[in-house]
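What follows is query_17.txt (compact mmCIF, C-alpha atoms and all ligand atoms).
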# COMPACT_ATOMS: atom_id res chain seq x y z
CA MET A 646 0.00 0.00 0.00
CA LYS A 647 1.01 3.61 -0.60
CA LEU A 648 0.10 6.60 1.52
CA TRP A 649 0.07 9.93 -0.32
CA ARG A 650 0.01 12.64 2.32
CA GLY A 651 0.60 16.37 2.71
CA ALA A 652 -2.03 16.97 0.03
CA ARG A 653 -4.77 19.50 -0.47
CA LEU A 654 -7.54 17.28 -1.80
CA ALA A 655 -10.37 18.38 -4.08
CA THR A 656 -12.36 15.16 -3.76
CA LEU A 657 -15.50 16.27 -5.66
CA ALA A 658 -17.32 13.84 -3.36
CA GLY A 659 -21.12 14.09 -3.38
CA GLU A 660 -23.18 15.99 -5.93
CA ARG A 661 -21.73 19.47 -5.41
CA GLY A 662 -18.87 21.36 -3.80
CA TRP A 663 -15.13 20.93 -4.24
CA GLY A 664 -14.93 18.51 -1.31
CA LEU A 665 -11.76 20.26 -0.12
CA ILE A 666 -9.64 18.60 2.56
CA ASP A 667 -6.71 20.82 3.49
CA ASP A 668 -4.29 18.42 5.14
CA GLY A 669 -5.48 15.33 3.30
CA ALA A 670 -4.21 11.84 2.59
CA LEU A 671 -4.94 9.04 0.12
CA LEU A 672 -4.31 5.42 0.98
CA VAL A 673 -3.86 3.42 -2.21
CA ASP A 674 -4.14 -0.35 -2.36
CA GLY A 675 -3.14 -1.63 -5.82
CA ASP A 676 -5.32 0.18 -8.34
CA ARG A 677 -7.92 1.34 -5.80
CA LEU A 678 -8.36 4.13 -3.28
CA ARG A 679 -8.69 2.34 0.04
CA TRP A 680 -9.15 5.40 2.22
CA VAL A 681 -9.40 9.16 1.64
CA GLY A 682 -9.62 11.84 4.34
CA PRO A 683 -7.89 14.26 6.70
CA ALA A 684 -4.41 13.16 7.78
CA ALA A 685 -5.49 13.50 11.40
CA GLU A 686 -7.93 10.60 10.95
CA LEU A 687 -5.72 8.03 9.22
CA PRO A 688 -6.87 4.42 9.70
CA PRO A 689 -4.47 2.00 11.51
CA GLU A 690 -3.49 0.10 8.34
CA ALA A 691 -1.86 3.30 7.01
CA ALA A 692 1.02 2.66 9.44
CA GLU A 693 2.43 -0.07 7.15
CA ALA A 694 2.16 1.88 3.90
CA GLU A 695 5.02 3.40 1.93
CA VAL A 696 4.72 7.17 2.49
CA ILE A 697 4.92 9.84 -0.22
CA ASP A 698 4.79 13.44 1.00
CA LEU A 699 3.24 15.89 -1.45
CA GLY A 700 4.33 19.03 0.36
CA GLY A 701 0.92 20.72 0.15
CA ALA A 702 0.26 20.11 -3.58
CA LEU A 703 -3.31 19.99 -4.88
CA VAL A 704 -4.77 16.56 -5.75
CA THR A 705 -7.84 16.10 -7.96
CA PRO A 706 -9.38 13.06 -9.62
CA GLY A 707 -7.73 12.09 -12.92
CA LEU A 708 -9.23 13.82 -15.95
CA VAL A 709 -11.70 11.96 -18.17
CA ASP A 710 -11.86 13.16 -21.79
CA CYS A 711 -15.15 11.54 -22.79
CA HIS A 712 -15.35 12.71 -26.42
CA THR A 713 -12.45 12.58 -28.88
CA HIS A 714 -11.79 11.66 -32.49
CA LEU A 715 -8.11 11.00 -31.79
CA VAL A 716 -7.34 8.47 -34.54
CA TYR A 717 -7.13 9.84 -38.09
CA GLY A 718 -4.82 10.60 -40.98
CA GLY A 719 -3.99 13.95 -42.58
CA SER A 720 -4.49 17.55 -41.57
CA ARG A 721 -7.26 20.10 -42.12
CA ALA A 722 -5.39 23.31 -41.35
CA LEU A 723 -6.22 24.54 -44.85
CA GLU A 724 -9.92 24.51 -43.91
CA PHE A 725 -9.05 26.72 -40.98
CA GLU A 726 -7.81 29.27 -43.50
CA GLN A 727 -10.88 28.77 -45.70
CA ARG A 728 -13.13 29.48 -42.72
CA LEU A 729 -11.12 32.61 -41.96
CA HIS A 730 -11.94 33.70 -45.51
CA GLY A 731 -15.65 33.24 -44.89
CA ALA A 732 -16.50 29.61 -45.79
CA SER A 733 -18.66 27.89 -43.17
CA TYR A 734 -18.08 24.42 -41.71
CA ALA A 735 -21.23 23.21 -43.49
CA ASP A 736 -20.16 24.80 -46.83
CA ILE A 737 -16.81 23.01 -46.67
CA ALA A 738 -18.50 19.70 -45.81
CA LYS A 739 -20.96 20.06 -48.72
CA ALA A 740 -18.06 20.73 -51.10
CA GLY A 741 -16.49 17.37 -50.16
CA GLY A 742 -14.04 18.69 -47.57
CA GLY A 743 -14.54 18.37 -43.84
CA ILE A 744 -15.04 14.87 -42.49
CA ARG A 745 -14.72 13.39 -46.00
CA ALA A 746 -11.25 14.88 -46.45
CA THR A 747 -10.13 13.16 -43.26
CA VAL A 748 -11.78 9.93 -44.41
CA ALA A 749 -9.67 9.95 -47.58
CA ALA A 750 -6.46 10.51 -45.58
CA THR A 751 -7.39 7.88 -42.98
CA ARG A 752 -8.19 5.19 -45.53
CA VAL A 753 -4.70 5.38 -47.03
CA ALA A 754 -2.93 5.37 -43.65
CA THR A 755 -1.55 2.10 -42.30
CA GLU A 756 -2.33 0.87 -38.81
CA ALA A 757 1.25 1.73 -37.77
CA GLU A 758 0.92 5.27 -39.15
CA LEU A 759 -2.39 5.84 -37.41
CA LEU A 760 -0.95 4.50 -34.17
CA ALA A 761 2.09 6.77 -34.39
CA THR A 762 0.06 9.97 -34.85
CA ALA A 763 -2.63 9.00 -32.33
CA THR A 764 0.09 8.18 -29.79
CA LYS A 765 1.49 11.71 -29.99
CA ARG A 766 -1.97 13.15 -29.47
CA ALA A 767 -2.78 10.85 -26.58
CA ARG A 768 0.54 11.77 -24.95
CA ALA A 769 -0.45 15.44 -25.09
CA LEU A 770 -3.74 14.70 -23.31
CA ILE A 771 -1.94 12.53 -20.74
CA ALA A 772 0.54 15.35 -20.09
CA GLU A 773 -2.37 17.47 -18.86
CA GLY A 774 -3.72 14.77 -16.54
CA VAL A 775 -6.03 12.59 -18.62
CA THR A 776 -6.39 9.09 -17.14
CA THR A 777 -9.44 7.91 -19.12
CA LEU A 778 -9.97 8.74 -22.75
CA GLU A 779 -12.75 7.99 -25.24
CA VAL A 780 -11.91 7.55 -28.92
CA LYS A 781 -14.44 7.36 -31.74
CA SER A 782 -14.16 5.75 -35.13
CA GLY A 783 -15.91 7.51 -38.01
CA TYR A 784 -13.14 8.49 -40.40
CA GLY A 785 -13.13 5.11 -42.14
CA LEU A 786 -16.75 4.74 -43.26
CA ASP A 787 -15.90 1.28 -44.58
CA ALA A 788 -15.66 -1.94 -42.59
CA ALA A 789 -11.90 -2.36 -42.79
CA THR A 790 -10.94 1.22 -41.92
CA GLU A 791 -13.48 1.52 -39.09
CA ALA A 792 -12.01 -1.67 -37.61
CA ARG A 793 -8.46 -0.35 -38.05
CA MET A 794 -9.32 2.87 -36.23
CA LEU A 795 -10.87 0.99 -33.33
CA ARG A 796 -7.89 -1.37 -33.05
CA VAL A 797 -5.52 1.61 -32.97
CA ALA A 798 -7.64 3.25 -30.28
CA ARG A 799 -7.47 0.09 -28.16
CA ARG A 800 -3.68 -0.03 -28.56
CA LEU A 801 -3.35 3.41 -26.96
CA THR A 802 -3.98 1.61 -23.67
CA GLY A 803 -0.27 0.75 -23.81
CA LEU A 804 0.48 4.38 -22.91
CA GLY A 805 -0.95 3.91 -19.42
CA VAL A 806 -4.36 5.43 -20.02
CA THR A 807 -7.78 3.76 -20.02
CA VAL A 808 -9.37 3.88 -23.47
CA ARG A 809 -13.07 3.50 -24.23
CA THR A 810 -13.93 3.03 -27.88
CA THR A 811 -17.04 4.27 -29.67
CA TYR A 812 -18.31 3.12 -33.07
CA LEU A 813 -19.20 6.24 -35.10
CA ALA A 814 -19.52 4.82 -38.62
CA ALA A 815 -22.70 6.95 -38.96
CA HIS A 816 -20.57 10.10 -39.06
CA ALA A 817 -20.82 11.07 -42.76
CA LEU A 818 -21.75 9.51 -46.10
CA PRO A 819 -18.80 7.82 -47.81
CA PRO A 820 -18.25 8.92 -51.42
CA GLU A 821 -18.89 5.41 -52.80
CA CYS A 822 -22.35 5.20 -51.23
CA PRO A 823 -24.53 8.21 -52.12
CA ASP A 824 -27.71 6.74 -50.61
CA ALA A 825 -27.89 7.42 -46.88
CA ASP A 826 -30.38 4.60 -46.18
CA ASP A 827 -28.16 2.08 -47.95
CA TYR A 828 -25.16 3.32 -45.99
CA ILE A 829 -27.02 3.03 -42.69
CA ALA A 830 -27.81 -0.60 -43.58
CA ALA A 831 -24.06 -1.19 -44.00
CA VAL A 832 -23.27 0.58 -40.70
CA CYS A 833 -25.70 -1.81 -38.98
CA ARG A 834 -24.25 -4.82 -40.81
CA TRP A 835 -20.63 -4.10 -39.78
CA LEU A 836 -21.36 -3.60 -36.09
CA PRO A 837 -21.91 -7.17 -34.79
CA GLU A 838 -18.48 -8.41 -35.90
CA LEU A 839 -16.69 -5.40 -34.39
CA ALA A 840 -18.62 -5.82 -31.15
CA GLU A 841 -17.81 -9.54 -31.14
CA ALA A 842 -14.11 -8.67 -31.48
CA GLY A 843 -14.38 -6.53 -28.33
CA LEU A 844 -13.67 -3.30 -30.20
CA VAL A 845 -16.84 -1.38 -29.28
CA ASP A 846 -17.84 0.02 -25.90
CA ALA A 847 -20.59 2.32 -27.21
CA VAL A 848 -22.29 3.41 -30.43
CA ASP A 849 -22.57 7.04 -31.61
CA ALA A 850 -23.96 8.84 -34.68
CA PHE A 851 -24.01 12.36 -36.12
CA CYS A 852 -27.62 13.55 -36.27
CA GLU A 853 -27.61 16.69 -38.42
CA HIS A 854 -28.87 18.14 -41.69
CA ILE A 855 -25.40 17.55 -43.18
CA ALA A 856 -25.29 14.00 -41.77
CA PHE A 857 -28.07 11.58 -40.68
CA SER A 858 -31.76 11.97 -39.82
CA PRO A 859 -33.31 10.84 -36.53
CA ALA A 860 -34.99 7.93 -38.37
CA GLN A 861 -31.62 6.76 -39.72
CA VAL A 862 -29.98 7.15 -36.31
CA ALA A 863 -32.80 5.07 -34.79
CA ARG A 864 -31.87 2.15 -37.05
CA VAL A 865 -28.28 2.27 -35.79
CA PHE A 866 -29.49 2.52 -32.19
CA ASP A 867 -31.82 -0.47 -32.66
CA THR A 868 -28.84 -2.54 -33.79
CA ALA A 869 -26.81 -1.36 -30.79
CA ARG A 870 -29.65 -2.25 -28.46
CA ARG A 871 -29.91 -5.77 -29.90
CA LEU A 872 -26.19 -6.21 -29.18
CA GLY A 873 -26.53 -4.79 -25.65
CA LEU A 874 -24.34 -1.75 -26.45
CA PRO A 875 -25.04 1.70 -24.95
CA VAL A 876 -25.54 4.66 -27.28
CA LYS A 877 -24.62 8.35 -27.41
CA LEU A 878 -25.27 11.03 -30.01
CA HIS A 879 -23.75 14.10 -31.69
CA ALA A 880 -26.98 16.05 -31.33
CA GLU A 881 -28.21 19.58 -32.12
CA GLN A 882 -24.74 20.91 -32.96
CA LEU A 883 -25.72 23.03 -35.97
CA SER A 884 -29.53 22.79 -35.83
CA ASP A 885 -32.34 21.28 -33.75
CA GLN A 886 -33.11 17.88 -35.26
CA GLY A 887 -34.82 16.40 -32.20
CA GLY A 888 -31.84 14.09 -31.82
CA ALA A 889 -31.57 14.48 -28.05
CA GLY A 890 -35.17 13.34 -27.54
CA LEU A 891 -34.53 10.32 -29.74
CA ALA A 892 -31.31 9.45 -27.91
CA ALA A 893 -33.02 9.83 -24.54
CA SER A 894 -35.69 7.37 -25.65
CA TYR A 895 -32.83 4.84 -25.99
CA ARG A 896 -31.50 5.86 -22.56
CA ALA A 897 -28.37 7.24 -24.18
CA LEU A 898 -25.30 7.67 -21.99
CA SER A 899 -24.80 11.16 -23.41
CA CYS A 900 -25.82 13.72 -26.00
CA ASP A 901 -22.93 15.85 -27.17
CA HIS A 902 -22.59 19.45 -28.51
CA LEU A 903 -26.23 20.57 -27.90
CA GLU A 904 -25.97 24.24 -28.93
CA PHE A 905 -29.46 24.01 -30.49
CA LEU A 906 -31.03 21.78 -27.82
CA SER A 907 -34.74 22.57 -27.25
CA PRO A 908 -36.56 22.69 -23.89
CA ALA A 909 -38.23 19.38 -24.79
CA GLY A 910 -34.79 17.88 -25.42
CA VAL A 911 -33.56 19.08 -22.02
CA GLN A 912 -36.58 17.48 -20.35
CA ALA A 913 -36.13 14.18 -22.17
CA MET A 914 -32.46 14.04 -21.20
CA ALA A 915 -33.26 14.82 -17.56
CA GLU A 916 -35.82 12.01 -17.42
CA ALA A 917 -33.47 9.49 -19.04
CA GLY A 918 -30.44 10.45 -16.92
CA THR A 919 -28.52 11.29 -20.11
CA VAL A 920 -25.35 13.37 -19.63
CA ALA A 921 -24.96 16.63 -21.61
CA VAL A 922 -21.43 16.73 -23.04
CA LEU A 923 -20.53 20.32 -23.91
CA LEU A 924 -17.66 20.91 -26.30
CA PRO A 925 -16.33 24.45 -26.03
CA GLY A 926 -13.42 23.77 -28.41
CA ALA A 927 -15.76 23.20 -31.36
CA TYR A 928 -17.95 26.15 -30.37
CA TYR A 929 -14.87 28.36 -30.26
CA ALA A 930 -13.17 27.11 -33.42
CA LEU A 931 -16.33 27.39 -35.52
CA ARG A 932 -17.09 30.80 -33.98
CA GLU A 933 -20.57 29.62 -33.09
CA THR A 934 -22.86 32.19 -31.52
CA GLN A 935 -25.70 29.94 -30.33
CA LEU A 936 -24.87 28.90 -26.76
CA PRO A 937 -25.92 25.53 -25.36
CA PRO A 938 -28.79 26.00 -22.85
CA VAL A 939 -26.63 25.69 -19.74
CA ALA A 940 -29.14 27.31 -17.33
CA ALA A 941 -31.94 24.99 -18.48
CA LEU A 942 -29.69 21.91 -18.18
CA ARG A 943 -28.69 22.98 -14.69
CA GLU A 944 -32.25 23.64 -13.63
CA ALA A 945 -33.43 20.28 -14.94
CA GLY A 946 -30.60 18.49 -13.12
CA VAL A 947 -28.95 17.14 -16.28
CA PRO A 948 -25.32 16.23 -15.45
CA ILE A 949 -22.92 18.32 -17.53
CA ALA A 950 -19.61 16.96 -18.86
CA ILE A 951 -17.04 18.74 -20.97
CA ALA A 952 -14.49 17.26 -23.36
CA THR A 953 -11.94 18.27 -25.99
CA ASP A 954 -13.82 16.76 -28.98
CA HIS A 955 -10.30 16.58 -30.41
CA ASN A 956 -10.63 16.21 -34.19
CA PRO A 957 -8.75 17.69 -37.15
CA GLY A 958 -11.62 19.92 -38.29
CA SER A 959 -13.88 21.56 -35.76
CA SER A 960 -11.83 21.17 -32.58
CA PRO A 961 -8.12 20.60 -33.14
CA THR A 962 -7.20 21.07 -29.48
CA LEU A 963 -5.23 18.70 -27.28
CA SER A 964 -5.71 20.70 -24.11
CA PRO A 965 -8.33 19.55 -21.63
CA LEU A 966 -7.17 22.33 -19.28
CA LEU A 967 -8.01 24.93 -21.93
CA MET A 968 -11.48 23.34 -22.15
CA LEU A 969 -11.94 24.00 -18.43
CA ASN A 970 -11.24 27.66 -19.04
CA MET A 971 -13.38 27.86 -22.19
CA ALA A 972 -16.30 26.10 -20.49
CA CYS A 973 -16.27 28.89 -17.90
CA VAL A 974 -15.56 31.87 -20.16
CA LEU A 975 -17.72 30.85 -23.13
CA PHE A 976 -20.47 28.74 -21.51
CA ARG A 977 -20.50 30.36 -18.06
CA LEU A 978 -19.98 27.12 -16.16
CA THR A 979 -18.53 27.61 -12.70
CA PRO A 980 -14.95 26.31 -12.27
CA GLU A 981 -16.37 23.56 -10.07
CA GLU A 982 -18.93 22.54 -12.72
CA ALA A 983 -16.18 22.55 -15.33
CA LEU A 984 -13.89 20.31 -13.26
CA ARG A 985 -16.79 17.96 -12.47
CA GLY A 986 -17.46 17.96 -16.21
CA LEU A 987 -13.94 16.75 -16.93
CA THR A 988 -13.93 14.14 -14.14
CA VAL A 989 -17.00 12.57 -12.55
CA ASN A 990 -19.52 13.60 -15.21
CA GLY A 991 -17.14 12.74 -18.03
CA ALA A 992 -16.94 9.26 -16.51
CA ARG A 993 -20.74 9.10 -16.33
CA ALA A 994 -20.95 9.99 -20.01
CA LEU A 995 -18.97 6.78 -20.61
CA GLY A 996 -21.14 4.74 -18.25
CA LEU A 997 -18.33 4.55 -15.68
CA SER A 998 -19.16 5.08 -12.00
CA ASP A 999 -15.85 3.86 -10.53
CA ARG A 1000 -13.78 7.03 -11.17
CA GLY A 1001 -13.96 10.80 -11.20
CA GLN A 1002 -14.10 11.38 -7.44
CA LEU A 1003 -11.53 10.85 -4.69
CA VAL A 1004 -13.60 8.48 -2.60
CA ALA A 1005 -12.72 5.11 -1.02
CA GLY A 1006 -13.47 2.27 -3.41
CA GLN A 1007 -12.88 4.31 -6.57
CA ARG A 1008 -10.00 3.69 -8.95
CA ALA A 1009 -6.71 5.27 -7.92
CA ASP A 1010 -6.65 7.70 -10.85
CA PHE A 1011 -5.54 11.13 -9.70
CA CYS A 1012 -3.54 14.22 -10.59
CA ILE A 1013 -1.09 16.18 -8.48
CA TRP A 1014 -0.93 19.87 -9.39
CA ASP A 1015 1.50 22.61 -8.53
CA THR A 1016 -1.27 25.03 -7.61
CA SER A 1017 -3.12 26.00 -4.48
CA HIS A 1018 -6.81 25.81 -5.35
CA PRO A 1019 -8.74 23.82 -7.99
CA ARG A 1020 -10.34 26.99 -9.35
CA GLU A 1021 -6.86 27.97 -10.59
CA LEU A 1022 -7.05 25.09 -13.08
CA ALA A 1023 -9.97 26.81 -14.82
CA ALA A 1024 -8.90 30.42 -14.31
CA CYS A 1025 -5.49 30.08 -16.00
CA PHE A 1026 -4.98 29.10 -19.61
CA GLY A 1027 -1.96 28.25 -21.71
CA HIS A 1028 -0.26 26.94 -18.60
CA ASN A 1029 0.05 23.36 -17.37
CA PRO A 1030 0.67 22.97 -13.63
CA LEU A 1031 0.52 19.14 -13.69
CA GLN A 1032 3.20 17.74 -11.43
CA GLN A 1033 2.37 14.04 -11.51
CA ARG A 1034 -0.41 11.79 -12.74
CA ILE A 1035 -1.37 8.47 -11.20
CA HIS A 1036 -3.26 5.91 -13.29
CA GLN A 1037 -4.56 2.81 -11.54
CA GLY A 1038 -2.21 3.43 -8.65
CA GLU A 1039 0.91 3.78 -10.84
CA SER A 1040 2.80 6.89 -11.91
N1 LIG A 1101 -19.03 16.84 -34.84
C1 LIG A 1101 -17.79 17.19 -34.52
O1 LIG A 1101 -17.49 18.10 -33.81
C2 LIG A 1101 -16.86 16.26 -35.12
N2 LIG A 1101 -17.74 15.30 -35.67
C3 LIG A 1101 -18.97 15.69 -35.51
O2 LIG A 1101 -19.92 15.05 -35.90
C4 LIG A 1101 -16.08 16.96 -36.20
C5 LIG A 1101 -15.55 16.03 -37.20
C6 LIG A 1101 -14.70 16.73 -38.26
O3 LIG A 1101 -14.94 17.88 -38.64
O4 LIG A 1101 -13.78 16.05 -38.72
FE FE A 1102 -17.30 15.01 -32.03
Please go through the file and, once you have read it, give me the structure as structure tokens.
Ligand code: DI6
Ligand code: FE
Amino acid sequence: MKLWRGARLATLAGERGWGLIDDGALLVDGDRLRWVGPAAELPPEAAEAEVIDLGGALVTPGLVDCHTHLVYGGSRALEFEQRLHGASYADIAKAGGGIRATVAATRVATEAELLATATKRARALIAEGVTTLEVKSGYGLDAATEARMLRVARRLTGLGVTVRTTYLAAHALPPECPDADDYIAAVCRWLPELAEAGLVDAVDAFCEHIAFSPAQVARVFDTARRLGLPVKLHAEQLSDQGGAGLAASYRALSCDHLEFLSPAGVQAMAEAGTVAVLLPGAYYALRETQLPPVAALREAGVPIAIATDHNPGSSPTLSPLLMLNMACVLFRLTPEEALRGLTVNGARALGLSDRGQLVAGQRADFCIWDTSHPRELAACFGHNPLQQRIHQGES
């Protein structure tokens, strides 16, 4: 056992509050937190543990980035310039750029190439304290490339981070299949084998006027349900398609983006216990002006998560800490809501209840920061105070 002491803990225990413990300690047994509390109340078994003194550093739960598109080939920086010259994200997509451009580059990349680039990106997230990471497919849009992306995502586990994989073949129409209903049939056909191979933890889709309709998404979700897989949805990012209501009717783990979410959508998510994943990086990069309905989500008691949405087009950021700041500045979350969004509620958006808080019994995933108060993590930007990161009890 290891005893980490001399810590200022932000446990995030319970439903609200930082859960601050000024002279705190963590007793770690293998990959679990055995005991968490004030140093003055250490249990007797702590006497045998190896002691590590943190000298007053801040400790928070490890960060959970619950929405990324980390595995892909190519670059889309040129589109950044096109948008600066006035083209919209939707215009670029309709002209065959956007997601389709990344699909072309991903299809020609080997598994080793995809692993090499995704490894660099994952390392950047890890360097800011990420201990659990979700990765979506969706830049293959054919059976072989979707499988390759998911295998690469799984292999990132070797970096000492927990990876959850999401099947997002219903992300865009591939050029060889102009009929959306035919493509959705293929998306449903490919899923069982990938699930059988253990490559899929959840199923996602892009419900949007430039992507798939609620009726098409429902066919994908029906297939997921038959296989016992949970679902999530890219919903109401550019327009209100009623996607959140549909996802809630399948008890979705999360609906993500949500700038155009309606009051009915908020209600449906609240009733289903679906997490709202807000993605300030995409909002910022696309210079959106429609804000997600944060006050309504709060009032309805919908748990709010935040994530990087790392992807080469709409959110090419690898900084979860910057997302904390942007969630506060752009979306008016409190620093505590933002940190909960990147820890306990991010975990919930992945269906994980064993991490995200510093509480006995949870996984020993935590971050040690060279800063005095957790609100500093959200207030500063462009600065990384991470001192050490512990994943499953190991540094
Ligand atoms: N919404 C997003 O933010 C990403 N996918 C999606 O459906 C962006 C994907 C991309 O532009 O490559
Ligand atoms: Fe996304």
Requested in this report: Name the residues, by chain letter and number, that sit within 10 Å of ligand FE 1102 (chain A) using all atoms listed in the file, and give them as a ChimeraX atom specification.
Outcome: /A:712-714,780-781,783,813,816,849-851,878-880,882,901-902,924,927,952-956,958-960
With C-alpha atoms kept, could you save the residues just selected as an mmCIF file, in the frame of the given file?
data_model
loop_
_atom_site.group_PDB
_atom_site.id
_atom_site.type_symbol
_atom_site.label_atom_id
_atom_site.label_comp_id
_atom_site.auth_asym_id
_atom_site.auth_seq_id
_atom_site.Cartn_x
_atom_site.Cartn_y
_atom_site.Cartn_z
ATOM 1 C CA HIS A 712 -15.350 12.710 -26.420
ATOM 2 C CA THR A 713 -12.450 12.580 -28.880
ATOM 3 C CA HIS A 714 -11.790 11.660 -32.490
ATOM 4 C CA VAL A 780 -11.910 7.550 -28.920
ATOM 5 C CA LYS A 781 -14.440 7.360 -31.740
ATOM 6 C CA GLY A 783 -15.910 7.510 -38.010
ATOM 7 C CA LEU A 813 -19.200 6.240 -35.100
ATOM 8 C CA HIS A 816 -20.570 10.100 -39.060
ATOM 9 C CA ASP A 849 -22.570 7.040 -31.610
ATOM 10 C CA ALA A 850 -23.960 8.840 -34.680
ATOM 11 C CA PHE A 851 -24.010 12.360 -36.120
ATOM 12 C CA LEU A 878 -25.270 11.030 -30.010
ATOM 13 C CA HIS A 879 -23.750 14.100 -31.690
ATOM 14 C CA ALA A 880 -26.980 16.050 -31.330
ATOM 15 C CA GLN A 882 -24.740 20.910 -32.960
ATOM 16 C CA ASP A 901 -22.930 15.850 -27.170
ATOM 17 C CA HIS A 902 -22.590 19.450 -28.510
ATOM 18 C CA LEU A 924 -17.660 20.910 -26.300
ATOM 19 C CA ALA A 927 -15.760 23.200 -31.360
ATOM 20 C CA ALA A 952 -14.490 17.260 -23.360
ATOM 21 C CA THR A 953 -11.940 18.270 -25.990
ATOM 22 C CA ASP A 954 -13.820 16.760 -28.980
ATOM 23 C CA HIS A 955 -10.300 16.580 -30.410
ATOM 24 C CA ASN A 956 -10.630 16.210 -34.190
ATOM 25 C CA GLY A 958 -11.620 19.920 -38.290
ATOM 26 C CA SER A 959 -13.880 21.560 -35.760
ATOM 27 C CA SER A 960 -11.830 21.170 -32.580
#
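Of the listed residues (A:Val797, A:Cys900, A:Val806, A:Ala788), A:Val797 comes nearest to Thr762 of chain A; the distances count all atoms listed in the file.
We find atom CA of Glu933 of chain A and atom CA of Glu726 of chain A to be spaced 16.5 Å apart.
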Query raised in the report: Between A:Lys739, A:Arg985, A:Arg800, A:Arg768, which one has atoms that come closest to ligand LIG 1101 (chain A), using only C-alpha atoms and all ligand atoms?
Result: A:Lys739
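If you count all atoms listed in the file and ignore residues fewer than 5 places along the chain from Glu756 of chain A, what sits within 12 Å of it is A:Val716, A:Tyr717, A:Gly718, A:Thr751, A:Ala761, A:Thr762, A:Ala763, A:Thr764, A:Ala789, A:Thr790, A:Glu791, A:Ala792, A:Arg793, A:Met794, A:Leu795, A:Arg796, A:Val797, A:Ala798, A:Arg799, A:Arg800.
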Requested in this report: Using all atoms listed in the file, pick whichever of A:Ile951, A:Ile697, A:Leu997, A:Leu963 has the shortest atom-to-atom distance to Ala847 of chain A.
Outcome: A:Leu997
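The environment of segment 820-827 of chain A within 8 Å, counting all atoms listed in the file and disregarding residues fewer than 4 places along the same chain, consists of Arg745, Ala831, Phe857 and Gln861 of chain A.
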Query raised in the report: Excluding same-chain residues fewer than 2 positions from Lys877 of chain A, what lies within 7 Å of it counting only C-alpha atoms, as a ChimeraX atom specification?
Result: /A:848-849,892,897-900
Requested in this report: Pick out the closest residue to ligand LIG 1101 (chain A) from this set: A:Val920, A:Val862, A:Ala817, A:Cys973. Count all atoms listed in the file.
Outcome: A:Ala817
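Atom CA of Thr777 of chain A lies 22.4 Å from atom CA of Ala652 of chain A.
Coordinates place atom CA of Ala658 of chain A at a distance of 19.2 Å from atom CA of Pro688 of chain A.
Near Ala983 of chain A, within 10 Å and counting only C-alpha atoms, sit Leu923, Ile949, Ala950, Ile951, Ala952, Leu966, Met968, Leu969, Asn970, Met971, Ala972, Cys973, Phe976, Arg977, Leu978, Thr988, Asn990, Arg1020, Leu1022 and Ala1023 of chain A, not including residues fewer than 5 positions from it in the same chain.
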Where atoms are absent from segment 974-981 of chain A, fill them in so it carries N, CA, C and O atoms, then output it as a PDB file, in the frame of the given file.
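Below is the file that was written, selection-v4.pdb:
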ATOM      1  N   VAL A 974     -15.497  30.557 -19.504  1.00  0.00           N
ATOM      2  CA  VAL A 974     -15.560  31.870 -20.160  1.00  0.00           C
ATOM      3  C   VAL A 974     -16.667  31.902 -21.219  1.00  0.00           C
ATOM      4  O   VAL A 974     -17.425  32.868 -21.312  1.00  0.00           O
ATOM      5  N   LEU A 975     -16.759  30.840 -22.024  1.00  0.00           N
ATOM      6  CA  LEU A 975     -17.720  30.850 -23.130  1.00  0.00           C
ATOM      7  C   LEU A 975     -19.105  30.379 -22.708  1.00  0.00           C
ATOM      8  O   LEU A 975     -20.110  30.916 -23.153  1.00  0.00           O
ATOM      9  N   PHE A 976     -19.167  29.338 -21.873  1.00  0.00           N
ATOM     10  CA  PHE A 976     -20.470  28.740 -21.510  1.00  0.00           C
ATOM     11  C   PHE A 976     -20.948  29.146 -20.120  1.00  0.00           C
ATOM     12  O   PHE A 976     -22.014  28.754 -19.696  1.00  0.00           O
ATOM     13  N   ARG A 977     -20.116  29.889 -19.392  1.00  0.00           N
ATOM     14  CA  ARG A 977     -20.500  30.360 -18.060  1.00  0.00           C
ATOM     15  C   ARG A 977     -20.700  29.219 -17.045  1.00  0.00           C
ATOM     16  O   ARG A 977     -21.511  29.339 -16.140  1.00  0.00           O
ATOM     17  N   LEU A 978     -19.999  28.117 -17.231  1.00  0.00           N
ATOM     18  CA  LEU A 978     -19.980  27.120 -16.160  1.00  0.00           C
ATOM     19  C   LEU A 978     -19.159  27.688 -15.016  1.00  0.00           C
ATOM     20  O   LEU A 978     -18.275  28.527 -15.235  1.00  0.00           O
ATOM     21  N   THR A 979     -19.412  27.235 -13.795  1.00  0.00           N
ATOM     22  CA  THR A 979     -18.530  27.610 -12.700  1.00  0.00           C
ATOM     23  C   THR A 979     -17.282  26.737 -12.807  1.00  0.00           C
ATOM     24  O   THR A 979     -17.326  25.647 -13.401  1.00  0.00           O
ATOM     25  N   PRO A 980     -16.153  27.165 -12.238  1.00  0.00           N
ATOM     26  CA  PRO A 980     -14.950  26.310 -12.270  1.00  0.00           C
ATOM     27  C   PRO A 980     -15.222  24.925 -11.680  1.00  0.00           C
ATOM     28  O   PRO A 980     -14.703  23.922 -12.185  1.00  0.00           O
ATOM     29  N   GLU A 981     -16.066  24.868 -10.665  1.00  0.00           N
ATOM     30  CA  GLU A 981     -16.370  23.560 -10.070  1.00  0.00           C
ATOM     31  C   GLU A 981     -17.186  22.700 -11.055  1.00  0.00           C
ATOM     32  O   GLU A 981     -16.904  21.508 -11.231  1.00  0.00           O
TER      33      GLU A 981
END
